[in-house]
Amino acid sequence: MKKEQRIKKNKEFQHVFQGGKSMANRQFVIYTLEKKEQPDFRIGLSVSKKIGNAVTRNRIKRLVRQAFLEMKEQIPGCVDIVVIARKPTAEMSYEEVQKSLQHIMRKLPLLSNKKGKSCN
């Protein structure tokens, strides 16, 4: 993911938490906030120390980033997404992570079957 597609600052995370919608399952909590002026979607990841050591947390982040990279054609450009990983993600494979994220994104409804979904 490019630097422009990441949410890094605490202020940006808080803005999504306070103004966005959320959906969760056992593995992830996802917050989304629509921003019409934004050309690409942005993603912020939060993996707590409770989940595991640095190696485990970084592995989870890599898996989540890759899953979003593969779904990018179906995600509208004008949205900020914050993903919070929960404890069960530490033992999950890539396929399980991808399936879990797609499940939540469909419930939100953020995923579309069309390529290049617009925000208007």
# chains A, B, ... in the order shown; residues from 1 in each chain; ligands from 1

$ select_by_dssp --residues "segment 4-60 of chain A" --states "helix (DSSP H, G or I)" --output "list in words"
Glu4, Gln5, Asn10, Lys11, Glu12, Phe13, Gln14, His15, Val16, Phe17, Gln18, Gly19, Ala54, Val55, Thr56, Arg57, Asn58, Arg59 and Ile60 of chain A

$ select_by_dssp --residues "chain A" --states "strand (DSSP E or B)" --output "ChimeraX atom specification"
/A:6,21-24,28-34,42-47,79-85

$ write_last_selection --atoms "C-alpha atoms" --output "PDB file, in the first residue's frame"
ATOM      1  CA  ARG A   6      -2.434   4.787   5.110  1.00  0.00           C
ATOM      2  CA  LYS A  21     -19.944   3.295  11.062  1.00  0.00           C
ATOM      3  CA  SER A  22     -18.658   0.076  12.580  1.00  0.00           C
ATOM      4  CA  MET A  23     -19.182  -3.622  12.052  1.00  0.00           C
ATOM      5  CA  ALA A  24     -17.515  -6.560  13.774  1.00  0.00           C
ATOM      6  CA  PHE A  28     -12.005  -7.984  13.342  1.00  0.00           C
ATOM      7  CA  VAL A  29     -13.737  -4.683  14.050  1.00  0.00           C
ATOM      8  CA  ILE A  30     -13.958  -2.366  11.042  1.00  0.00           C
ATOM      9  CA  TYR A  31     -14.806   1.338  11.188  1.00  0.00           C
ATOM     10  CA  THR A  32     -15.548   3.237   7.977  1.00  0.00           C
ATOM     11  CA  LEU A  33     -15.977   6.928   7.281  1.00  0.00           C
ATOM     12  CA  GLU A  34     -16.974   8.330   3.897  1.00  0.00           C
ATOM     13  CA  ARG A  42      -7.181   4.837   3.093  1.00  0.00           C
ATOM     14  CA  ILE A  43      -6.617   2.118   5.652  1.00  0.00           C
ATOM     15  CA  GLY A  44      -5.464   2.210   9.264  1.00  0.00           C
ATOM     16  CA  LEU A  45      -4.504  -0.916  11.198  1.00  0.00           C
ATOM     17  CA  SER A  46      -4.562  -1.484  14.928  1.00  0.00           C
ATOM     18  CA  VAL A  47      -3.168  -4.685  16.436  1.00  0.00           C
ATOM     19  CA  VAL A  79     -13.588   6.054   2.329  1.00  0.00           C
ATOM     20  CA  ASP A  80     -11.315   5.783   5.372  1.00  0.00           C
ATOM     21  CA  ILE A  81     -11.182   2.297   6.886  1.00  0.00           C
ATOM     22  CA  VAL A  82      -9.790   1.386  10.314  1.00  0.00           C
ATOM     23  CA  VAL A  83      -9.284  -2.313  11.034  1.00  0.00           C
ATOM     24  CA  ILE A  84      -8.847  -3.518  14.610  1.00  0.00           C
ATOM     25  CA  ALA A  85      -7.631  -7.098  14.949  1.00  0.00           C
TER      26      ALA A  85
END

$ closest_residue --among "A:Lys36, A:Lys107, A:Arg86, A:Arg26" --to "Gly52 of chain A" --atoms "only C-alpha atoms"
A:Arg86

$ residues_around --residues "segment 59-67 of chain A" --least-positions-apart "6" --cutoff "8 Å" --atoms "only C-alpha atoms" --output "PyMOL selection string"
chain A and resi 1+45+47+85+89-90+94+97-98+101

$ atom_distance --atom1 "atom CA of Gly19 of chain A" --atom2 "atom CA of Asn58 of chain A"
27.5 Å
